[in-house]
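Novice: You'll find entry03.cif just under this line, and it carries mmCIF, N, CA and C atoms and all ligand atoms.
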```cif
data_start
loop_
_atom_site.label_atom_id
_atom_site.label_comp_id
_atom_site.auth_asym_id
_atom_site.auth_seq_id
_atom_site.Cartn_x
_atom_site.Cartn_y
_atom_site.Cartn_z
N MET A 1135 141.15 -115.23 -70.66
CA MET A 1135 141.14 -114.10 -69.75
C MET A 1135 142.41 -114.13 -68.90
N ALA A 1136 143.21 -113.10 -69.01
CA ALA A 1136 144.49 -113.09 -68.31
C ALA A 1136 144.34 -112.80 -66.82
N LYS A 1137 143.63 -111.74 -66.51
CA LYS A 1137 143.52 -111.32 -65.10
C LYS A 1137 142.23 -111.82 -64.48
N LYS A 1138 142.27 -111.98 -63.17
CA LYS A 1138 141.10 -112.44 -62.43
C LYS A 1138 140.10 -111.30 -62.26
N ILE A 1139 138.83 -111.67 -62.25
CA ILE A 1139 137.78 -110.68 -62.03
C ILE A 1139 137.81 -110.24 -60.56
N LYS A 1140 137.87 -108.92 -60.37
CA LYS A 1140 137.94 -108.38 -59.01
C LYS A 1140 136.67 -107.60 -58.65
N LYS A 1141 136.20 -106.80 -59.60
CA LYS A 1141 135.00 -105.98 -59.34
C LYS A 1141 133.90 -106.32 -60.34
N ILE A 1142 132.70 -106.32 -59.82
CA ILE A 1142 131.52 -106.54 -60.65
C ILE A 1142 130.66 -105.29 -60.56
N ILE A 1143 130.34 -104.72 -61.71
CA ILE A 1143 129.63 -103.45 -61.75
C ILE A 1143 128.38 -103.60 -62.60
N VAL A 1144 127.28 -103.02 -62.12
CA VAL A 1144 126.06 -102.97 -62.93
C VAL A 1144 125.77 -101.51 -63.24
N ASP A 1145 125.63 -101.20 -64.51
CA ASP A 1145 125.26 -99.85 -64.94
C ASP A 1145 123.74 -99.78 -64.99
N ARG A 1146 123.16 -99.19 -63.96
CA ARG A 1146 121.69 -99.14 -63.85
C ARG A 1146 121.04 -98.38 -64.99
N ASP A 1147 121.76 -97.39 -65.53
CA ASP A 1147 121.19 -96.61 -66.63
C ASP A 1147 121.06 -97.45 -67.88
N LEU A 1148 121.97 -98.41 -68.03
CA LEU A 1148 121.94 -99.28 -69.21
C LEU A 1148 120.98 -100.45 -69.04
N CYS A 1149 120.91 -100.99 -67.84
CA CYS A 1149 120.13 -102.21 -67.57
C CYS A 1149 118.66 -102.02 -67.96
N ILE A 1150 118.17 -102.98 -68.73
CA ILE A 1150 116.78 -102.91 -69.17
C ILE A 1150 115.94 -104.04 -68.54
N GLY A 1151 116.53 -104.71 -67.58
CA GLY A 1151 115.80 -105.77 -66.87
C GLY A 1151 115.55 -107.01 -67.69
N ALA A 1152 116.42 -107.25 -68.65
CA ALA A 1152 116.24 -108.42 -69.52
C ALA A 1152 116.40 -109.74 -68.77
N ALA A 1153 117.12 -109.70 -67.65
CA ALA A 1153 117.26 -110.81 -66.72
C ALA A 1153 118.08 -112.00 -67.21
N SER A 1154 118.79 -111.86 -68.32
CA SER A 1154 119.67 -112.95 -68.76
C SER A 1154 120.71 -113.25 -67.68
N CYS A 1155 121.21 -112.21 -67.07
CA CYS A 1155 122.22 -112.38 -66.02
C CYS A 1155 121.64 -113.15 -64.83
N VAL A 1156 120.38 -112.89 -64.53
CA VAL A 1156 119.72 -113.57 -63.40
C VAL A 1156 119.50 -115.05 -63.72
N VAL A 1157 119.21 -115.34 -64.99
CA VAL A 1157 118.99 -116.72 -65.40
C VAL A 1157 120.30 -117.52 -65.31
N ILE A 1158 121.39 -116.92 -65.76
CA ILE A 1158 122.68 -117.63 -65.77
C ILE A 1158 123.28 -117.73 -64.37
N THR A 1159 123.23 -116.62 -63.62
CA THR A 1159 123.81 -116.64 -62.27
C THR A 1159 122.82 -116.07 -61.25
N PRO A 1160 121.80 -116.87 -60.89
CA PRO A 1160 120.82 -116.39 -59.90
C PRO A 1160 121.43 -116.19 -58.51
N GLU A 1161 122.61 -116.80 -58.30
CA GLU A 1161 123.28 -116.63 -57.01
C GLU A 1161 124.06 -115.32 -56.94
N LEU A 1162 124.15 -114.64 -58.10
CA LEU A 1162 124.92 -113.39 -58.15
C LEU A 1162 124.04 -112.16 -58.40
N PHE A 1163 123.04 -112.31 -59.26
CA PHE A 1163 122.18 -111.17 -59.61
C PHE A 1163 120.71 -111.45 -59.33
N GLU A 1164 120.00 -110.37 -59.06
CA GLU A 1164 118.56 -110.43 -58.83
C GLU A 1164 117.99 -109.14 -59.39
N LEU A 1165 116.72 -109.16 -59.79
CA LEU A 1165 116.09 -107.91 -60.22
C LEU A 1165 115.45 -107.24 -59.02
N ASP A 1166 115.60 -105.93 -58.91
CA ASP A 1166 114.97 -105.21 -57.81
C ASP A 1166 113.60 -104.67 -58.23
N ASP A 1167 113.02 -103.83 -57.39
CA ASP A 1167 111.68 -103.29 -57.63
C ASP A 1167 111.59 -102.49 -58.93
N GLU A 1168 112.71 -101.89 -59.31
CA GLU A 1168 112.73 -101.08 -60.53
C GLU A 1168 113.12 -101.91 -61.75
N ASN A 1169 113.17 -103.25 -61.57
CA ASN A 1169 113.52 -104.14 -62.67
C ASN A 1169 114.95 -103.94 -63.16
N LYS A 1170 115.82 -103.64 -62.23
CA LYS A 1170 117.25 -103.47 -62.54
C LYS A 1170 118.01 -104.53 -61.76
N ALA A 1171 119.11 -104.99 -62.36
CA ALA A 1171 119.90 -106.03 -61.70
C ALA A 1171 120.66 -105.45 -60.51
N VAL A 1172 120.63 -106.18 -59.40
CA VAL A 1172 121.43 -105.84 -58.23
C VAL A 1172 122.33 -107.03 -57.90
N ILE A 1173 123.43 -106.76 -57.21
CA ILE A 1173 124.41 -107.79 -56.89
C ILE A 1173 124.14 -108.30 -55.47
N LEU A 1174 124.06 -109.62 -55.33
CA LEU A 1174 123.77 -110.22 -54.02
C LEU A 1174 125.06 -110.35 -53.22
N LEU A 1175 125.06 -109.78 -52.02
CA LEU A 1175 126.25 -109.79 -51.17
C LEU A 1175 126.15 -110.81 -50.05
N LYS A 1176 127.31 -111.13 -49.49
CA LYS A 1176 127.43 -112.12 -48.42
C LYS A 1176 126.54 -111.83 -47.23
N ASP A 1177 126.48 -110.57 -46.85
CA ASP A 1177 125.73 -110.19 -45.65
C ASP A 1177 124.22 -110.11 -45.88
N GLY A 1178 123.78 -110.58 -47.05
CA GLY A 1178 122.35 -110.56 -47.35
C GLY A 1178 121.90 -109.25 -47.96
N LYS A 1179 122.83 -108.29 -48.05
CA LYS A 1179 122.49 -106.99 -48.64
C LYS A 1179 122.56 -107.10 -50.16
N LYS A 1180 122.01 -106.08 -50.82
CA LYS A 1180 122.02 -106.02 -52.27
C LYS A 1180 122.67 -104.74 -52.71
N GLU A 1181 123.63 -104.88 -53.61
CA GLU A 1181 124.38 -103.72 -54.09
C GLU A 1181 123.88 -103.31 -55.48
N GLN A 1182 123.59 -102.02 -55.62
CA GLN A 1182 123.02 -101.54 -56.90
C GLN A 1182 124.07 -101.25 -57.95
N HIS A 1183 125.31 -101.00 -57.51
CA HIS A 1183 126.28 -100.54 -58.49
C HIS A 1183 127.54 -101.40 -58.60
N LYS A 1184 128.33 -101.44 -57.54
CA LYS A 1184 129.66 -102.05 -57.66
C LYS A 1184 129.97 -102.91 -56.45
N ALA A 1185 130.45 -104.11 -56.69
CA ALA A 1185 130.82 -104.99 -55.58
C ALA A 1185 132.19 -105.61 -55.83
N ASP A 1186 132.94 -105.76 -54.75
CA ASP A 1186 134.21 -106.46 -54.82
C ASP A 1186 133.93 -107.96 -54.80
N ARG A 1187 134.79 -108.69 -55.46
CA ARG A 1187 134.63 -110.15 -55.52
C ARG A 1187 134.52 -110.76 -54.13
N SER A 1188 135.24 -110.19 -53.18
CA SER A 1188 135.25 -110.72 -51.81
C SER A 1188 133.94 -110.49 -51.07
N GLU A 1189 133.11 -109.58 -51.60
CA GLU A 1189 131.85 -109.22 -50.92
C GLU A 1189 130.66 -110.04 -51.39
N ILE A 1190 130.78 -110.68 -52.55
CA ILE A 1190 129.59 -111.31 -53.13
C ILE A 1190 129.22 -112.60 -52.40
N ALA A 1191 127.93 -112.87 -52.40
CA ALA A 1191 127.40 -114.04 -51.70
C ALA A 1191 127.87 -115.35 -52.35
N ALA A 1192 127.98 -115.33 -53.67
CA ALA A 1192 128.34 -116.53 -54.41
C ALA A 1192 129.85 -116.73 -54.42
N THR A 1193 130.38 -117.22 -53.31
CA THR A 1193 131.83 -117.35 -53.16
C THR A 1193 132.44 -118.41 -54.08
N ASN A 1194 131.63 -119.38 -54.49
CA ASN A 1194 132.16 -120.46 -55.32
C ASN A 1194 132.07 -120.21 -56.83
N LEU A 1195 131.50 -119.07 -57.19
CA LEU A 1195 131.31 -118.77 -58.61
C LEU A 1195 132.66 -118.53 -59.28
N ASP A 1196 132.90 -119.21 -60.41
CA ASP A 1196 134.20 -119.03 -61.07
C ASP A 1196 134.14 -117.90 -62.11
N ASP A 1197 135.31 -117.46 -62.53
CA ASP A 1197 135.43 -116.33 -63.44
C ASP A 1197 134.71 -116.57 -64.76
N GLU A 1198 134.80 -117.80 -65.27
CA GLU A 1198 134.19 -118.11 -66.56
C GLU A 1198 132.68 -117.92 -66.51
N THR A 1199 132.07 -118.33 -65.41
CA THR A 1199 130.62 -118.22 -65.28
C THR A 1199 130.20 -116.76 -65.13
N ILE A 1200 130.98 -116.00 -64.37
CA ILE A 1200 130.68 -114.57 -64.21
C ILE A 1200 130.80 -113.87 -65.57
N LEU A 1201 131.83 -114.23 -66.30
CA LEU A 1201 132.03 -113.64 -67.63
C LEU A 1201 130.87 -114.01 -68.56
N LEU A 1202 130.46 -115.25 -68.50
CA LEU A 1202 129.35 -115.73 -69.32
C LEU A 1202 128.08 -114.93 -69.03
N SER A 1203 127.86 -114.68 -67.76
CA SER A 1203 126.69 -113.92 -67.32
C SER A 1203 126.76 -112.49 -67.86
N ALA A 1204 127.93 -111.88 -67.75
CA ALA A 1204 128.11 -110.51 -68.26
C ALA A 1204 127.92 -110.48 -69.78
N GLN A 1205 128.43 -111.50 -70.44
CA GLN A 1205 128.31 -111.57 -71.91
C GLN A 1205 126.87 -111.77 -72.35
N SER A 1206 126.06 -112.35 -71.48
CA SER A 1206 124.66 -112.62 -71.83
C SER A 1206 123.81 -111.36 -71.83
N CYS A 1207 124.31 -110.31 -71.20
CA CYS A 1207 123.52 -109.07 -71.10
C CYS A 1207 123.42 -108.41 -72.46
N PRO A 1208 122.20 -108.21 -72.96
CA PRO A 1208 122.03 -107.67 -74.30
C PRO A 1208 122.47 -106.22 -74.45
N VAL A 1209 122.57 -105.50 -73.33
CA VAL A 1209 122.96 -104.09 -73.41
C VAL A 1209 124.33 -103.82 -72.76
N LYS A 1210 125.04 -104.92 -72.46
CA LYS A 1210 126.38 -104.82 -71.84
C LYS A 1210 126.37 -103.92 -70.60
N ALA A 1211 125.39 -104.16 -69.74
CA ALA A 1211 125.27 -103.35 -68.52
C ALA A 1211 126.12 -103.89 -67.38
N ILE A 1212 126.71 -105.07 -67.59
CA ILE A 1212 127.57 -105.65 -66.55
C ILE A 1212 129.02 -105.45 -66.96
N ILE A 1213 129.75 -104.78 -66.10
CA ILE A 1213 131.14 -104.45 -66.38
C ILE A 1213 132.02 -105.20 -65.37
N LEU A 1214 133.07 -105.81 -65.88
CA LEU A 1214 133.98 -106.56 -65.02
C LEU A 1214 135.36 -105.91 -65.03
N GLU A 1215 135.94 -105.75 -63.84
CA GLU A 1215 137.27 -105.16 -63.75
C GLU A 1215 138.23 -106.11 -63.04
N ASP A 1216 139.53 -105.98 -63.37
CA ASP A 1216 140.53 -106.78 -62.67
C ASP A 1216 141.04 -106.00 -61.45
N GLU A 1217 142.04 -106.54 -60.77
CA GLU A 1217 142.52 -105.91 -59.53
C GLU A 1217 143.19 -104.57 -59.76
N ASP A 1218 143.58 -104.29 -61.00
CA ASP A 1218 144.21 -103.01 -61.31
C ASP A 1218 143.20 -101.98 -61.79
N GLY A 1219 141.92 -102.35 -61.79
CA GLY A 1219 140.87 -101.43 -62.24
C GLY A 1219 140.72 -101.40 -63.75
N ASN A 1220 141.39 -102.32 -64.43
CA ASN A 1220 141.23 -102.41 -65.88
C ASN A 1220 139.94 -103.16 -66.22
N VAL A 1221 139.26 -102.70 -67.27
CA VAL A 1221 138.02 -103.36 -67.68
C VAL A 1221 138.35 -104.65 -68.42
N ILE A 1222 137.85 -105.76 -67.90
CA ILE A 1222 138.01 -107.07 -68.54
C ILE A 1222 136.92 -107.29 -69.57
N PHE A 1223 135.72 -106.83 -69.20
CA PHE A 1223 134.56 -106.94 -70.09
C PHE A 1223 133.62 -105.80 -69.80
N PRO A 1224 132.96 -105.20 -70.80
CA PRO A 1224 133.03 -105.54 -72.23
C PRO A 1224 134.24 -104.88 -72.89
S1 LIG A 1301 121.15 -109.04 -68.36
FE1 LIG A 1301 121.74 -106.90 -68.41
S2 LIG A 1301 119.88 -105.80 -68.84
FE2 LIG A 1301 119.32 -107.83 -68.17
S3 LIG A 1301 118.98 -107.61 -65.98
FE3 LIG A 1301 121.08 -108.28 -66.27
S4 LIG A 1301 122.23 -106.37 -66.30
FE4 LIG A 1301 120.13 -105.85 -66.66
#
```
What does this structure look like when you write it as structure tokens?
Specialist:
Amino acid sequence: MAKKIKKIIVDRDLCIGAASCVVITPELFELDDENKAVILLKDGKKEQHKADRSEIAATNLDDETILLSAQSCPVKAIILEDEDGNVIFP
């Protein structure tokens, strides 16, 4: 992976609540009431769609682990972007 992960996005329409992402990175994702993945933020809030790397609660999480989590999603509902807004994954 050339560029660093800057944005983490969950496509709620795609997410089927399979929870693979939650299993791999429970410090980053959680399932909400609708069984959709949400992103855990530093301030204790939960983001349904898009979070900047600087906002996430899991400050120590490395790029490889985030990528692994995104890759584990069976419907590719987790989208990763670099600082230029380019899609790193999928
Ligand atoms: S792995 Fe994908 S489908 Fe499953 S909860 Fe996470 S984002 Fe949703």
Novice: With DSSP run on the backbone, what are the helix (DSSP H, G or I) residues within chain A? I'd like them as a list in words.
Specialist: Ser1154, Cys1155, Val1156, Val1157, Ile1158, Arg1187, Ser1188, Glu1189, Asp1197, Glu1198, Thr1199, Ile1200, Leu1201, Leu1202, Ser1203, Ala1204, Gln1205 and Ser1206 of chain A
Novice: Could you save the residues just selected, with N, CA and C atoms, as a short mmCIF file (atom, residue, chain, number, x, y, z; two decimals), in the coordinates of the input?
Specialist:
```
data_model
loop_
_atom_site.label_atom_id
_atom_site.label_comp_id
_atom_site.auth_asym_id
_atom_site.auth_seq_id
_atom_site.Cartn_x
_atom_site.Cartn_y
_atom_site.Cartn_z
N SER A 1154 118.79 -111.86 -68.32
CA SER A 1154 119.67 -112.95 -68.76
C SER A 1154 120.71 -113.25 -67.68
N CYS A 1155 121.21 -112.21 -67.07
CA CYS A 1155 122.22 -112.38 -66.02
C CYS A 1155 121.64 -113.15 -64.83
N VAL A 1156 120.38 -112.89 -64.53
CA VAL A 1156 119.72 -113.57 -63.40
C VAL A 1156 119.50 -115.05 -63.72
N VAL A 1157 119.21 -115.34 -64.99
CA VAL A 1157 118.99 -116.72 -65.40
C VAL A 1157 120.30 -117.52 -65.31
N ILE A 1158 121.39 -116.92 -65.76
CA ILE A 1158 122.68 -117.63 -65.77
C ILE A 1158 123.28 -117.73 -64.37
N ARG A 1187 134.79 -108.69 -55.46
CA ARG A 1187 134.63 -110.15 -55.52
C ARG A 1187 134.52 -110.76 -54.13
N SER A 1188 135.24 -110.19 -53.18
CA SER A 1188 135.25 -110.72 -51.81
C SER A 1188 133.94 -110.49 -51.07
N GLU A 1189 133.11 -109.58 -51.60
CA GLU A 1189 131.85 -109.22 -50.92
C GLU A 1189 130.66 -110.04 -51.39
N ASP A 1197 135.31 -117.46 -62.53
CA ASP A 1197 135.43 -116.33 -63.44
C ASP A 1197 134.71 -116.57 -64.76
N GLU A 1198 134.80 -117.80 -65.27
CA GLU A 1198 134.19 -118.11 -66.56
C GLU A 1198 132.68 -117.92 -66.51
N THR A 1199 132.07 -118.33 -65.41
CA THR A 1199 130.62 -118.22 -65.28
C THR A 1199 130.20 -116.76 -65.13
N ILE A 1200 130.98 -116.00 -64.37
CA ILE A 1200 130.68 -114.57 -64.21
C ILE A 1200 130.80 -113.87 -65.57
N LEU A 1201 131.83 -114.23 -66.30
CA LEU A 1201 132.03 -113.64 -67.63
C LEU A 1201 130.87 -114.01 -68.56
N LEU A 1202 130.46 -115.25 -68.50
CA LEU A 1202 129.35 -115.73 -69.32
C LEU A 1202 128.08 -114.93 -69.03
N SER A 1203 127.86 -114.68 -67.76
CA SER A 1203 126.69 -113.92 -67.32
C SER A 1203 126.76 -112.49 -67.86
N ALA A 1204 127.93 -111.88 -67.75
CA ALA A 1204 128.11 -110.51 -68.26
C ALA A 1204 127.92 -110.48 -69.78
N GLN A 1205 128.43 -111.50 -70.44
CA GLN A 1205 128.31 -111.57 -71.91
C GLN A 1205 126.87 -111.77 -72.35
N SER A 1206 126.06 -112.35 -71.48
CA SER A 1206 124.66 -112.62 -71.83
C SER A 1206 123.81 -111.36 -71.83
#
```
Novice: Restricting the calculation to all atoms listed in the file, which member of A:Ile1139, A:Glu1215, A:Leu1195, A:Ala1171 is positioned closest to A:Val1156?
Specialist: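 Among the listed residues, the smallest separation from A:Val1156 belongs to A:Ala1171.
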Novice: Let me see if you get this right: every residue at most 9 Å from ligand LIG 1301 (chain A), counting only C-alpha atoms and all ligand atoms, written as an MDAnalysis selection string.
Specialist: chainID A and resid 1144:1146 1148:1157 1163:1165 1169:1172 1203:1212
Novice: Give me the residues within 8 Å of A:Ser1188 as a list in words, counting only N, CA and C atoms and dropping any in the same chain fewer than 2 places off.
Specialist: Ile1139, Lys1140, Lys1141, Leu1175, Lys1176, Ala1185, Asp1186, Ile1190, Ala1191 and Thr1193 of chain A
Novice: Take atom CA of A:Lys1179 and atom C of A:Asp1196 and report the distance between them in Å, one decimal.
Specialist: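 Here the two named atoms are 20.9 Å from each other.
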Novice: Quick one: everything within 5 Å of A:Ile1143, counting all atoms listed in the file, minus sequence neighbours fewer than 6 positions away in the same chain. Send it as a list in words.
Specialist: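 Final neighbour list, sorted by chain and number: His1183, Lys1184, Ile1212 and Ile1213 of chain A.
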Novice: Selected residues, N, CA and C atoms, written as a PDB file, in the coordinates of the input, please.
Specialist:
```pdb
ATOM      1  N   HIS A1183     125.310-101.000 -57.510  1.00  0.00           N
ATOM      2  CA  HIS A1183     126.280-100.540 -58.490  1.00  0.00           C
ATOM      3  C   HIS A1183     127.540-101.400 -58.600  1.00  0.00           C
ATOM      4  N   LYS A1184     128.330-101.440 -57.540  1.00  0.00           N
ATOM      5  CA  LYS A1184     129.660-102.050 -57.660  1.00  0.00           C
ATOM      6  C   LYS A1184     129.970-102.910 -56.450  1.00  0.00           C
ATOM      7  N   ILE A1212     126.710-105.070 -67.590  1.00  0.00           N
ATOM      8  CA  ILE A1212     127.570-105.650 -66.550  1.00  0.00           C
ATOM      9  C   ILE A1212     129.020-105.450 -66.960  1.00  0.00           C
ATOM     10  N   ILE A1213     129.750-104.780 -66.100  1.00  0.00           N
ATOM     11  CA  ILE A1213     131.140-104.450 -66.380  1.00  0.00           C
ATOM     12  C   ILE A1213     132.020-105.200 -65.370  1.00  0.00           C
TER      13      ILE A1213
END
```
Novice: Using only N, CA and C atoms, which residues sit within 7 Å of A:Lys1138 once same-chain residues fewer than 4 positions away are excluded, as JSON, numbers by chain?
Specialist: {"A": [1197, 1215, 1216, 1217]}
Novice: Please produce an output containing N, CA and C atoms for each residue in the selection, written as a PDB file, keeping the file's coordinate frame.
Specialist:
```pdb
ATOM      1  N   ASP A1197     135.310-117.460 -62.530  1.00  0.00           N
ATOM      2  CA  ASP A1197     135.430-116.330 -63.440  1.00  0.00           C
ATOM      3  C   ASP A1197     134.710-116.570 -64.760  1.00  0.00           C
ATOM      4  N   GLU A1215     135.940-105.750 -63.840  1.00  0.00           N
ATOM      5  CA  GLU A1215     137.270-105.160 -63.750  1.00  0.00           C
ATOM      6  C   GLU A1215     138.230-106.110 -63.040  1.00  0.00           C
ATOM      7  N   ASP A1216     139.530-105.980 -63.370  1.00  0.00           N
ATOM      8  CA  ASP A1216     140.530-106.780 -62.670  1.00  0.00           C
ATOM      9  C   ASP A1216     141.040-106.000 -61.450  1.00  0.00           C
ATOM     10  N   GLU A1217     142.040-106.540 -60.770  1.00  0.00           N
ATOM     11  CA  GLU A1217     142.520-105.910 -59.530  1.00  0.00           C
ATOM     12  C   GLU A1217     143.190-104.570 -59.760  1.00  0.00           C
TER      13      GLU A1217
END
```
Novice: Report, in Å to a single decimal, how far apart atom CA of A:Thr1199 and atom CA of A:Gly1178 are.
Specialist: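 Distance between the two atoms: 21.2 Å.
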Novice: Pull the strand (DSSP E) assignments for stretch 1147-1218 of chain A out of DSSP run on the backbone, and list those residues as a ChimeraX atom specification.
Specialist: /A:1163-1165,1171-1174,1180-1181,1184-1186,1212-1215
Novice: Rounded to one decimal, what separation in Å do you get between atom CA of A:Asp1166 and atom CA of A:Glu1198?
Specialist: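 These two atoms are separated by 24.7 Å.
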Novice: Put a box with edges along x, y and z around all the listed atoms of stretch 1195-1204 of chain A, pad it by 4 Å on each side, then give me its centre and sizes in Å, one decimal, as JSON.
Specialist:
```
{"center_x": 131.1, "center_y": -114.8, "center_z": -63.5, "size_x": 16.7, "size_y": 16.7, "size_z": 20.6}
```
